[in-house]
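What follows is the content of run.cif, which has mmCIF, C-alpha atoms:
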```
data_my_file
loop_
_atom_site.group_PDB
_atom_site.id
_atom_site.type_symbol
_atom_site.label_atom_id
_atom_site.label_comp_id
_atom_site.auth_asym_id
_atom_site.auth_seq_id
_atom_site.Cartn_x
_atom_site.Cartn_y
_atom_site.Cartn_z
ATOM 1 C CA MET A 1 69.783 -114.353 -50.635
ATOM 2 C CA SER A 2 66.244 -113.135 -50.150
ATOM 3 C CA ARG A 3 63.895 -112.136 -52.923
ATOM 4 C CA SER A 4 61.748 -109.655 -51.008
ATOM 5 C CA ILE A 5 62.571 -106.605 -48.938
ATOM 6 C CA PHE A 6 60.002 -107.825 -46.396
ATOM 7 C CA HIS A 7 61.936 -111.051 -45.793
ATOM 8 C CA THR A 8 65.605 -110.164 -45.658
ATOM 9 C CA ASP A 9 68.426 -111.720 -43.684
ATOM 10 C CA ARG A 10 70.509 -108.524 -43.666
ATOM 11 C CA LYS A 11 70.087 -106.710 -40.357
ATOM 12 C CA TRP A 12 70.980 -103.258 -41.689
ATOM 13 C CA VAL A 13 68.409 -103.532 -44.486
ATOM 14 C CA ALA A 14 65.801 -104.712 -41.981
ATOM 15 C CA GLY A 15 66.597 -101.797 -39.654
ATOM 16 C CA ILE A 16 66.381 -99.204 -42.414
ATOM 17 C CA CYS A 17 63.119 -100.696 -43.683
ATOM 18 C CA TYR A 18 61.611 -100.841 -40.199
ATOM 19 C CA VAL A 19 62.433 -97.221 -39.395
ATOM 20 C CA GLY A 20 61.598 -95.952 -42.885
ATOM 21 C CA PHE A 21 58.207 -97.626 -43.083
ATOM 22 C CA LEU A 22 57.444 -96.586 -39.485
ATOM 23 C CA LEU A 23 58.103 -92.948 -40.380
ATOM 24 C CA LEU A 24 55.948 -93.202 -43.501
ATOM 25 C CA THR A 25 53.134 -94.820 -41.521
ATOM 26 C CA LEU A 26 53.243 -92.165 -38.809
ATOM 27 C CA MET A 27 53.391 -89.331 -41.358
ATOM 28 C CA LEU A 28 50.310 -90.683 -43.119
ATOM 29 C CA ALA A 29 48.491 -91.240 -39.822
ATOM 30 C CA SER A 30 49.358 -87.700 -38.674
ATOM 31 C CA PHE A 31 48.154 -86.205 -41.945
ATOM 32 C CA VAL A 32 44.808 -88.004 -41.713
ATOM 33 C CA PHE A 33 44.419 -87.093 -38.034
ATOM 34 C CA PHE A 34 45.064 -83.385 -38.559
ATOM 35 C CA LEU A 35 42.878 -83.329 -41.657
ATOM 36 C CA VAL A 36 39.984 -84.763 -39.640
ATOM 37 C CA MET A 37 40.673 -82.450 -36.701
ATOM 38 C CA ASN A 38 40.713 -79.336 -38.882
ATOM 39 C CA LEU A 39 37.620 -80.241 -40.881
ATOM 40 C CA TRP A 40 35.234 -81.775 -38.340
ATOM 41 C CA VAL A 41 36.316 -80.990 -34.776
ATOM 42 C CA ASP A 42 35.737 -77.629 -33.128
ATOM 43 C CA LYS A 43 38.838 -75.464 -32.655
ATOM 44 C CA ASP A 44 38.176 -74.947 -28.918
ATOM 45 C CA THR A 45 38.323 -78.622 -27.940
ATOM 46 C CA ARG A 46 41.993 -78.772 -27.068
ATOM 47 C CA PHE A 47 41.711 -81.882 -24.854
ATOM 48 C CA ILE A 48 40.162 -83.903 -27.667
ATOM 49 C CA ARG A 49 42.878 -82.765 -30.063
ATOM 50 C CA VAL A 50 45.786 -83.597 -27.737
ATOM 51 C CA PHE A 51 44.397 -86.821 -26.268
ATOM 52 C CA GLY A 52 43.078 -87.941 -29.647
ATOM 53 C CA GLY A 53 46.462 -87.299 -31.242
ATOM 54 C CA VAL A 54 48.281 -89.373 -28.647
ATOM 55 C CA VAL A 55 45.820 -92.256 -28.947
ATOM 56 C CA TRP A 56 45.807 -92.071 -32.769
ATOM 57 C CA ILE A 57 49.624 -92.154 -33.082
ATOM 58 C CA TYR A 58 49.991 -94.881 -30.437
ATOM 59 C CA GLY A 59 47.335 -96.967 -32.171
ATOM 60 C CA TRP A 60 49.018 -96.723 -35.554
ATOM 61 C CA SER A 61 52.418 -97.512 -34.013
ATOM 62 C CA TYR A 62 50.946 -100.592 -32.339
ATOM 63 C CA LEU A 63 49.259 -101.791 -35.539
ATOM 64 C CA TYR A 64 52.471 -101.210 -37.482
ATOM 65 C CA HIS A 65 54.503 -103.204 -34.964
ATOM 66 C CA ARG A 66 52.003 -106.094 -35.129
ATOM 67 C CA TRP A 67 52.140 -106.034 -38.936
ATOM 68 C CA VAL A 68 55.959 -106.135 -38.855
ATOM 69 C CA ARG A 69 55.925 -109.090 -36.453
ATOM 70 C CA ARG A 70 53.392 -111.023 -38.536
ATOM 71 C CA CYS A 71 54.325 -110.238 -42.147
ATOM 72 C CA THR A 72 58.067 -109.519 -42.177
ATOM 73 C CA THR A 73 61.311 -110.878 -40.776
ATOM 74 C CA TRP A 74 62.689 -107.468 -39.815
ATOM 75 C CA LEU A 75 62.522 -108.038 -36.050
ATOM 76 C CA ALA A 76 63.566 -111.684 -36.127
#
```
Starting from the file, lay out its structure as structure tokens.
Amino acid sequence: MSRSIFHTDRKWVAGICYVGFLLLTLMLASFVFFLVMNLWVDKDTRFIRVFGGVVWIYGWSYLYHRWVRRCTTWLA
């Protein structure tokens, strides 16, 4: 039996944790992105908003996946 939710041997717990923490990470990243876009970027720069959003979300997803691989056993 494992003592930490980050190092579990139960696949269903690992799956729920992976998806749940991914959603929380992306929600936080989206909030920060749209906060920055609304406060500091001009409203007429649609390309920067769309392209920046795609890059921002992809970047956070990539960093999250690397963190999961390095610090948890969810994808083992």
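By all atoms listed in the file, and with residues fewer than 6 positions from range 5-14 of chain A along its chain excluded, the set lying at most 12 Å from it is Gly20, Phe21, Leu22, Trp67, Val68, Arg69, Arg70, Cys71, Thr72, Thr73, Trp74, Leu75 and Ala76 of chain A.
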**Study point:** Top pick for closest residue to Phe33 in chain A, considering A:Gly15, A:Arg3, A:Ile48, A:Arg66 and counting only C-alpha atoms
**Key:**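 Closest to Phe33 in chain A, using only C-alpha atoms: A:Ile48.
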How would you write, as a CSV table (one decimal) with C-alpha atoms, in the coordinates of the input, the residues chosen by the PyMOL selection byres ((chain A and resi 57) around 12) on this structure?
```csv
chain,number,residue,atom,x,y,z
A,22,LEU,CA,57.4,-96.6,-39.5
A,23,LEU,CA,58.1,-92.9,-40.4
A,25,THR,CA,53.1,-94.8,-41.5
A,26,LEU,CA,53.2,-92.2,-38.8
A,27,MET,CA,53.4,-89.3,-41.4
A,28,LEU,CA,50.3,-90.7,-43.1
A,29,ALA,CA,48.5,-91.2,-39.8
A,30,SER,CA,49.4,-87.7,-38.7
A,31,PHE,CA,48.2,-86.2,-41.9
A,32,VAL,CA,44.8,-88.0,-41.7
A,33,PHE,CA,44.4,-87.1,-38.0
A,34,PHE,CA,45.1,-83.4,-38.6
A,49,ARG,CA,42.9,-82.8,-30.1
A,50,VAL,CA,45.8,-83.6,-27.7
A,51,PHE,CA,44.4,-86.8,-26.3
A,52,GLY,CA,43.1,-87.9,-29.6
A,53,GLY,CA,46.5,-87.3,-31.2
A,54,VAL,CA,48.3,-89.4,-28.6
A,55,VAL,CA,45.8,-92.3,-28.9
A,56,TRP,CA,45.8,-92.1,-32.8
A,58,TYR,CA,50.0,-94.9,-30.4
A,59,GLY,CA,47.3,-97.0,-32.2
A,60,TRP,CA,49.0,-96.7,-35.6
A,61,SER,CA,52.4,-97.5,-34.0
A,62,TYR,CA,50.9,-100.6,-32.3
A,63,LEU,CA,49.3,-101.8,-35.5
A,64,TYR,CA,52.5,-101.2,-37.5
```
Point to revise | Computed interatomic separation between CA of His65 in chain A and CA of Phe47 in chain A (Å) | key: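 For CA of His65 in chain A relative to CA of Phe47 in chain A, the distance reads 26.8 Å.
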